[in-house]
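To be precise, the following lines are upload_9.cif, and they hold mmCIF, C-alpha atoms.
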data_model
#
loop_
_atom_site.label_atom_id
_atom_site.label_comp_id
_atom_site.auth_asym_id
_atom_site.auth_seq_id
_atom_site.Cartn_x
_atom_site.Cartn_y
_atom_site.Cartn_z
CA MET A 1 9.80 52.99 9.94
CA GLU A 2 13.55 53.43 9.61
CA LEU A 3 15.77 50.60 8.39
CA THR A 4 19.49 50.28 9.03
CA ARG A 5 22.00 50.13 6.19
CA LYS A 6 22.47 46.37 6.76
CA GLN A 7 18.71 45.76 6.75
CA LEU A 8 18.41 47.60 3.43
CA GLN A 9 21.35 45.58 2.08
CA LEU A 10 19.64 42.36 3.21
CA MET A 11 16.43 43.33 1.43
CA ASP A 12 18.41 44.11 -1.75
CA CYS A 13 20.07 40.68 -1.55
CA ILE A 14 16.69 38.97 -1.14
CA LYS A 15 15.25 40.85 -4.14
CA LYS A 16 18.31 40.02 -6.26
CA GLN A 17 18.20 36.29 -5.41
CA MET A 18 14.43 36.08 -5.93
CA ALA A 19 14.80 37.79 -9.33
CA GLU A 20 17.56 35.38 -10.39
CA THR A 21 16.14 32.09 -9.10
CA GLY A 22 12.54 32.67 -8.08
CA VAL A 23 13.31 31.05 -4.71
CA PHE A 24 13.80 32.73 -1.34
CA PRO A 25 17.55 32.61 -0.59
CA THR A 26 19.15 30.53 2.13
CA LEU A 27 20.89 32.13 5.10
CA ARG A 28 24.24 31.10 3.55
CA GLU A 29 23.36 32.79 0.24
CA LEU A 30 22.30 35.96 2.06
CA ALA A 31 25.49 35.98 4.14
CA ASP A 32 27.59 35.59 0.97
CA CYS A 33 25.68 38.39 -0.76
CA MET A 34 26.13 40.68 2.23
CA GLY A 35 29.80 39.79 2.62
CA ILE A 36 29.45 38.48 6.17
CA ARG A 37 30.33 35.09 7.66
CA SER A 38 27.83 34.69 10.47
CA LEU A 39 24.53 33.04 9.61
CA SER A 40 23.19 34.06 13.00
CA THR A 41 23.79 37.72 12.10
CA VAL A 42 21.69 37.29 8.96
CA HIS A 43 18.99 35.55 11.00
CA GLU A 44 19.01 38.43 13.49
CA HIS A 45 18.58 41.00 10.67
CA ILE A 46 15.61 38.99 9.34
CA ARG A 47 14.08 38.81 12.82
CA LYS A 48 14.41 42.57 13.30
CA LEU A 49 12.88 43.26 9.89
CA ARG A 50 9.92 41.03 10.79
CA GLU A 51 9.54 42.88 14.11
CA LYS A 52 9.35 46.11 12.11
CA GLY A 53 6.58 44.59 9.99
CA VAL A 54 8.63 44.31 6.79
CA ALA A 55 7.33 41.66 4.37
CA LEU A 56 10.38 39.84 3.01
CA MET A 57 8.38 38.13 0.26
CA PRO A 58 5.60 39.66 -1.80
CA VAL A 59 2.32 38.95 -0.01
CA ALA A 60 0.74 37.59 -3.21
CA GLU A 61 3.43 34.88 -3.43
CA VAL A 62 2.86 33.81 0.17
CA LEU A 63 -0.95 33.84 0.06
CA ASN A 64 -1.33 32.58 -3.51
CA PRO A 65 1.57 30.25 -4.30
CA PRO A 66 1.61 28.74 -7.80
CA ALA A 67 -0.96 25.95 -7.76
CA SER A 68 0.41 23.49 -10.26
CA PRO A 69 3.46 21.41 -9.37
CA VAL A 70 6.35 20.90 -11.77
CA SER A 71 7.45 17.48 -12.99
CA ILE A 72 11.16 16.63 -12.78
CA PRO A 73 13.04 13.36 -13.37
CA LEU A 74 13.71 11.08 -10.40
CA PHE A 75 16.90 9.28 -11.43
CA GLY A 76 17.27 6.82 -8.57
CA TRP A 77 18.94 6.39 -5.22
CA VAL A 78 22.01 8.19 -3.86
CA VAL A 79 23.79 7.15 -0.70
CA ALA A 80 23.97 9.45 2.30
CA GLY A 81 26.73 7.36 3.77
CA ILE A 82 29.68 5.56 2.21
CA PRO A 83 29.89 6.42 -1.51
CA SER A 84 28.46 3.78 -3.83
CA ASP A 85 26.95 3.41 -7.26
CA VAL A 86 23.74 5.33 -7.89
CA CYS A 87 20.92 2.85 -8.36
CA GLU A 88 19.52 4.29 -11.56
CA PHE A 89 15.95 4.07 -12.67
CA GLN A 90 13.91 6.86 -14.08
CA GLU A 91 10.45 8.14 -13.45
CA ASN A 92 9.05 11.61 -12.97
CA ILE A 93 8.10 13.19 -9.68
CA GLU A 94 5.92 16.22 -9.12
CA VAL A 95 7.24 18.81 -6.68
CA PRO A 96 6.10 22.29 -5.64
CA THR A 97 7.03 24.91 -8.21
CA GLY A 98 8.75 27.01 -5.54
CA LEU A 99 11.40 24.30 -5.07
CA VAL A 100 12.41 24.34 -8.73
CA PRO A 101 13.74 27.64 -10.05
CA ASN A 102 14.95 26.07 -13.30
CA PRO A 103 13.14 22.82 -14.24
CA ALA A 104 15.43 22.13 -17.22
CA ARG A 105 18.45 21.96 -14.89
CA THR A 106 16.78 20.15 -11.99
CA TYR A 107 16.41 16.49 -11.06
CA ALA A 108 15.63 14.41 -7.98
CA LEU A 109 17.32 11.55 -6.15
CA ARG A 110 15.99 9.37 -3.35
CA ILE A 111 18.22 9.11 -0.26
CA THR A 112 19.45 5.91 1.30
CA GLY A 113 21.65 6.02 4.41
CA ASP A 114 21.90 8.37 7.37
CA SER A 115 25.05 10.45 6.95
CA MET A 116 23.05 13.68 6.45
CA ILE A 117 20.52 13.31 9.28
CA ASP A 118 21.71 16.44 11.10
CA GLU A 119 20.73 18.39 7.96
CA HIS A 120 17.30 16.71 8.14
CA ILE A 121 18.03 14.61 5.05
CA CYS A 122 16.88 11.12 6.00
CA GLU A 123 16.49 7.65 4.54
CA GLY A 124 13.70 7.68 1.93
CA ASP A 125 13.69 11.48 1.44
CA VAL A 126 13.88 12.89 -2.06
CA VAL A 127 16.47 15.62 -2.63
CA ILE A 128 15.90 18.21 -5.33
CA VAL A 129 19.17 18.84 -7.15
CA GLU A 130 20.21 21.64 -9.47
CA LYS A 131 22.71 20.39 -12.09
CA ARG A 132 26.02 22.16 -11.53
CA ASP A 133 29.62 21.15 -12.02
CA THR A 134 30.99 23.49 -9.36
CA ALA A 135 30.12 24.10 -5.74
CA ARG A 136 30.88 26.67 -3.08
CA ASP A 137 32.24 25.76 0.32
CA GLY A 138 29.27 24.75 2.47
CA ASP A 139 27.01 23.54 -0.37
CA ILE A 140 25.38 20.13 -0.01
CA VAL A 141 26.38 18.33 -3.19
CA ILE A 142 25.92 15.19 -5.20
CA ALA A 143 29.52 14.13 -5.82
CA LEU A 144 31.00 11.41 -7.99
CA VAL A 145 34.13 10.14 -6.21
CA ASN A 146 36.94 8.45 -8.16
CA GLY A 147 34.72 8.25 -11.25
CA ARG A 148 32.57 5.45 -9.86
CA GLU A 149 30.95 6.16 -6.48
CA THR A 150 28.29 8.78 -5.78
CA THR A 151 27.38 10.35 -2.46
CA VAL A 152 25.55 13.33 -0.96
CA LYS A 153 27.67 15.40 1.45
CA ARG A 154 28.54 18.95 2.45
CA PHE A 155 31.43 20.17 0.26
CA ARG A 156 34.47 22.26 1.08
CA LYS A 157 37.98 22.70 -0.27
CA GLU A 158 41.12 22.29 1.81
CA GLY A 159 44.02 23.19 -0.45
CA GLU A 160 44.15 20.51 -3.15
CA LEU A 161 41.68 18.29 -1.30
CA ALA A 162 37.91 18.07 -1.50
CA VAL A 163 36.32 17.39 1.87
CA LEU A 164 32.92 15.69 1.66
CA ALA A 165 31.56 16.07 5.16
CA PRO A 166 28.65 14.09 6.60
CA ALA A 167 26.04 15.73 8.81
CA ASN A 168 26.18 12.92 11.34
CA HIS A 169 28.57 13.21 14.28
CA SER A 170 29.26 9.47 14.26
CA MET A 171 30.81 9.60 10.75
CA THR A 172 34.07 11.04 9.46
CA PRO A 173 34.55 13.25 6.39
CA ILE A 174 35.81 11.85 3.10
CA ARG A 175 39.01 13.59 1.96
CA VAL A 176 40.11 13.05 -1.64
CA PRO A 177 42.10 15.05 -4.18
CA LEU A 178 39.92 17.67 -5.91
CA VAL A 179 40.72 16.06 -9.27
CA ASP A 180 39.03 12.84 -8.08
CA VAL A 181 35.71 14.54 -7.30
CA GLU A 182 33.12 15.50 -9.91
CA ILE A 183 30.31 17.72 -8.69
CA GLN A 184 27.08 16.57 -10.32
CA GLY A 185 24.73 19.00 -8.63
CA VAL A 186 23.85 21.03 -5.56
CA VAL A 187 20.93 20.09 -3.29
CA ILE A 188 18.33 22.88 -3.30
CA GLY A 189 15.44 21.16 -1.52
CA VAL A 190 14.16 18.07 0.28
CA VAL A 191 10.78 16.38 -0.09
CA ARG A 192 9.55 13.95 2.54
CA LYS A 193 6.44 11.79 2.73
CA TYR A 194 5.10 10.87 6.15
#

Go ahead and render the structure in this file as structure tokens.
Amino acid sequence: MELTRKQLQLMDCIKKQMAETGVFPTLRELADCMGIRSLSTVHEHIRKLREKGVALMPVAEVLNPPASPVSIPLFGWVVAGIPSDVCEFQENIEVPTGLVPNPARTYALRITGDSMIDEHICEGDVVIVEKRDTARDGDIVIALVNGRETTVKRFRKEGELAVLAPANHSMTPIRVPLVDVEIQGVVIGVVRKY
């Protein structure tokens, strides 16, 4: 089986990300690693690798995932809508180990509101958040706006502005000076109970 240069590069990016975080990378992370913009191109490379029978994750990890969940703090509610105060209470929540590459830097928040529904982040879901004070364009972040209101939105920079974009076509982005936005973490997973 012969792989193209881009397919080999993709596999190197997957191995690198898995070694660093222990979690299979997102399409965005793979595109960044490969130096390309199109997520659909990355998806196409993955599809072609699968057609060639290439296992993108070690078989043992797929067939025998770690059995015991990890416990992380659930700090309260965050609004997926108009920014507001986080309703803080603390308890622990158990989540699959594969969602938490670094438990010491990870926490959870329950979602209220519907501004992120097109990203499949819905009212009552729990988002898994990695503590970070910076974000890349396109990351879904927990952001403190004007030092008092917290929200979950997709982040991007526009010059000196931070754009906090909802994933709901009926809502408009929040645009504020970068200095008025504090990134508190990046969403790395979603847990939903049915």

Just how far from atom CA of Glu94 of chain A is atom CA of Lys193 of chain A, in Å to one decimal? 12.7 Å

With distances taken over all atoms listed in the file, which of A:Ile128, A:Val70, A:Val23, A:Leu10 is nearest to Thr41 of chain A?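 Under the stated criterion, the closest residue is A:Leu10.
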
Using all atoms listed in the file, which protein or nucleic acid residues come within 12 Å of Ala108 of chain A? Drop anything in the same chain fewer than 2 positions from it, and give the result as JSON, numbers by chain. {"A": [70, 71, 72, 73, 74, 75, 76, 77, 78, 88, 89, 90, 91, 92, 93, 94, 95, 99, 100, 103, 105, 106, 110, 111, 125, 126, 127, 128, 129, 130, 131, 142, 184, 185, 186, 187, 188, 189, 190, 191]}

Option closest in space to Val176 of chain A, from A:Ser40, A:Ser68, A:Asn146, A:Thr21 [counting all atoms listed in the file]: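 Of A:Ser40, A:Ser68, A:Asn146, A:Thr21, the one nearest Val176 of chain A, counting all atoms listed in the file, is A:Asn146.
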
Rounded to one decimal place, report the atom CA of Thr97 of chain A-atom CA of Glu29 of chain A distance in Å.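 Distance between the two atoms: 20.0 Å.
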
Selection result of the PyMOL selection byres ((chain A and resi 11) around 12) on this file, as a VMD selection string: chain A and resid 3 to 10 12 to 18 24 to 25 30 to 31 33 to 34 42 45 to 46 49 to 50 54 to 58

Selection under test: the PyMOL selection byres ((chain A and resi 164) around 6); residues as a list in words: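 Going through the file, the PyMOL selection byres ((chain A and resi 164) around 6) ends up selecting Lys153, Arg154, Phe155, Val163, Ala165, Pro173 and Ile174 of chain A.
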
The PyMOL selection byres ((chain A and resi 114) around 10) applied to the shown file, residues as a list in words: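 Given this file, the PyMOL selection byres ((chain A and resi 114) around 10) evaluates to Val79, Ala80, Gly81, Ile82, Ile111, Thr112, Gly113, Ser115, Met116, Ile117, Asp118, His120, Ile121, Cys122, Glu123, Gly124, Pro166, Ala167, Asn168 and Met171 of chain A.
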
Go ahead and compute the interatomic distance for atom CA of Gly98 of chain A and atom CA of Ile183 of chain A, in Å to one decimal.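 So the answer is 23.7 Å.
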
Please determine, counting all atoms listed in the file, which residue among A:Leu144, A:Thr150, A:Glu119, A:Ala135 has the shortest atom-to-atom distance to His169 of chain A.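 Closest to His169 of chain A, using all atoms listed in the file: A:Glu119.
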
Here is a test: counting only C-alpha atoms, which residue of A:Leu109, A:Leu161, A:Ala104, A:Val181 is nearest to Ala143 of chain A?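 Under the stated criterion, the closest residue is A:Val181.
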